[in-house]
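Read through the structure below, which is laid out as structure tokens, and then see the notes.
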Amino acid sequence: MRSRTFLTAATVLAAVLAAGSAAAASLSDLSFMSGCWKGKLAKGEGTIEERYTPPTAGLMLGTSQVVENGRTGFFEFIKIEQQGDGVVMTPMPMGKASVGFKLVRFEGRRAVFENLEHDFPKRIVYGLREDGSLLARIEGDKPEQAEDFLMHPVACGGTNVASFGWGWGDPGGDIGQYRNPSGIAVYRDPHGVASVVLTDTNNHRLRAFTADGMFIEKWGEPGSGRSQFRYPQGVAVNSRLEMVVADAGNHRIQITQGPPPDMMHLPGLYVREFGREGSGDGELRNPLAVAVGPGDEIYVADTDNHRIQKFDREGRFLARWGARGHGPGELDLPSGIAVDPKGFVYVVDTDNHRVQKFDTAGTFLVEWGGSGSREGQFYRPKGIAVDGQGNVWVADCNNHRVQKFSPGGKFLGAFGREGRGPGELSFPAAVAVDGQGRIFVADSGNDRIQVFRENPGVARLYSEGR
């Protein structure tokens with residue numbers, strides 16, 4: 001086997017191993033390797049990506065792929081199996097049969113596989129580092145033959161809870177173009193047509209479409225007057241089919257009508273507004289998200305005041321909760337908010353990398369998340385939505401993915417990865433779901449909208465198996 005050929009499974013860890021007998025280990029001890037991993041090659045612009053199934057029935061299966069200049073330069077399949085009282089890894093470079101490497105040392109979350117009869121490599125090491133990354137290493141007879149591959153966890157295609165359907169949009173200011181779309185909501189127009197409204201944030205306007213992406217109408221322009229916006233962010237639709245907009249740069253909530261029912265009316269007619277810059281009751285600082293409750297009450301993520309405020313449908317102040325901090329009920333730059341049909345309020349606590357759940361009066365109920373990129377963790381999440389079953393969808397912005405949870409915070413799957421291709425995401429800022437299993441994502445860094453279809457079987461596997 002050539003040295004570069006086995007660059008793949010080689011993924012991990014350490015260098016010179018201390019002498020001593022190998023610690024007894026079973027296949028289940030290697031569960032730290034399960035999941036999907038991606039990293040840059042030490043030389044050039046290429047990437048390496050590996051994935052491993054969890055240990056099941058005495059077997060783990062893996063793949064490794066090296067991509068350089070947009071093409072696969074190397075791939076291999078990997079089998080790790082329990083054999084008697086030992087564990088053996090068998091790589092199959094370019095799909096061809098190879099030799100086995102026996103697990104000879106296991107220390108904490110570091111596994112060393114060895115076959116001294118093989119030309120190269122003679123040793124393969126995998127180790128999980130403190131920061132959650134996976135370091136793979138291959139070694140030969142000479143120190144200069146050693147090569148390391150550092151990989152970080154990424155969302156697995158095999159656990160995708162949704163698949164790409166279609167999308168639209170390009171960067172710019174013309175029709176069909178957007179600049180940093182940051183809020184999105186779904187609704188049915190007066191004729192029953194499934195529709196989407198989004199905030200075209202850096203173009204200071206709103207856009208409306210049918211659910212399949214056909215343009216309906218746009219309204220708004222830069223400014224602080226009626227039906228004008230300054231960096232609008234979140235948007236929600238009330239029972240009157242009015243658009244409730246977090247007009248962030250103007251430190252207010254503005255309510256407008258949506259697309260007109262006929263050609264005789266103008267789009268986006270002004271209805272009312274409330275809020276002004278400040279920190280008192282009813283005052284706002286850079287509100288980034290808004291949600292409408294079952295009774296058309298309005299909940300606002302008052303972001304730079306690190307709190308939630310509640311108003312009636314006319315914009316009269318009702319209540320507030322939250323203060324800057326890291327404890328239960330405290331917030332740090334909340335940037336997303338959603339309300340389920342029962343009135344429970346879900347808040348994206350962005351700089352605390354978590355979601356918090358409250359009752360309608362603001363009483364803290366539960367939280368989940370934590371900083372990171374593994375399942376159920378977040379890195380500066382933003383948008384949030386609740387579907388008809390009460391499940392929670394979160395735009396995990398800086399992890400370039402969307403995650404799904406039960407109402408209590410149990411992980412139910414994810415989809416998306418960083419990129420510009422179909423189904424890939426760049427800093428998604430908002431998510432919305434409809435009753436037909438469609439998930440609409442404001443793919444902000446790519447200046448477009450993407451629509452995904454849920455794979456309910458994936459969520460069932462998580463729900464029943466964990």
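Lettering and numbering for the structure tokens are positional, with chains as A, B, ... in the shown order, residues counted from 1 in each chain, and ligands counted from 1 in the shown order.
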Close residues, segment 363-378 of chain A itself excluded, 7 Å, only C-alpha atoms, min 3 positions apart in chain, as a list in words: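 Residues meeting the cut-off are Pro153, Pro328, Gly329, His353, Arg354, Val355, Gln356, Lys357, Phe358, Asp359, Pro381, Asp396, Asn399, Gly409 and Phe411 of chain A.
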Residues within 8 Å of segment 77-85 of chain A, only C-alpha atoms, excluding chain neighbours under 5 positions, as JSON, numbers by chain: {"A": [9, 26, 27, 58, 59, 60, 61, 62, 63, 64, 90, 91, 92, 93, 94, 95]}
Pick from A:Tyr299, A:Phe311, A:Tyr346, A:Phe452, whichever lies nearest to Trp166 of chain A using only C-alpha atoms: A:Phe452
Interatomic distance (Å, one decimal) between atom CA of Val67 of chain A and atom CA of Gly39 of chain A: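 Atom CA of Val67 of chain A sits 10.6 Å away from atom CA of Gly39 of chain A.
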Selected residue, from A:Val348, A:Val112, A:Ala42, A:Leu425, that lies nearest to Val392 of chain A when counting only C-alpha atoms: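 Smallest distance to Val392 of chain A is found for A:Val348.
Using only C-alpha atoms for every distance, the candidate list A:His152, A:Arg179, A:Lys310, A:His204 yields A:Arg179 as the residue closest to Ile449 of chain A.
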Selection: 7 Å around Gly343 of chain A, only C-alpha atoms, excl. self and same-chain fewer than 4 positions, as an MDAnalysis selection string: chainID A and resid 293:294 339 359:360
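With atom CA of Thr350 of chain A on one side and atom CA of Glu130 of chain A on the other, the separation reads 23.1 Å.
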Long-range neighbours of Pro190 of chain A as a list in words, 12 Å cut-off, only C-alpha atoms, 4 positions minimum in chain: Ala194, Ser195, Ser239, Arg240, Leu241, Glu242, Gly258, Pro259, Pro260, Pro261 and Asp262 of chain A
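Atom to atom, atom CA of Met214 of chain A and atom CA of Gly176 of chain A stand 9.5 Å apart.
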Neighbour list for segment 68-72 of chain A as a ChimeraX atom specification, cut-off 10 Å, only C-alpha atoms, skip fewer than 5 positions in-chain: /A:41,44-48
Residue with smallest distance to Ala414 of chain A - pool A:Glu454, A:Glu114, A:Asp340, A:Asp447, counting only C-alpha atoms: A:Glu454
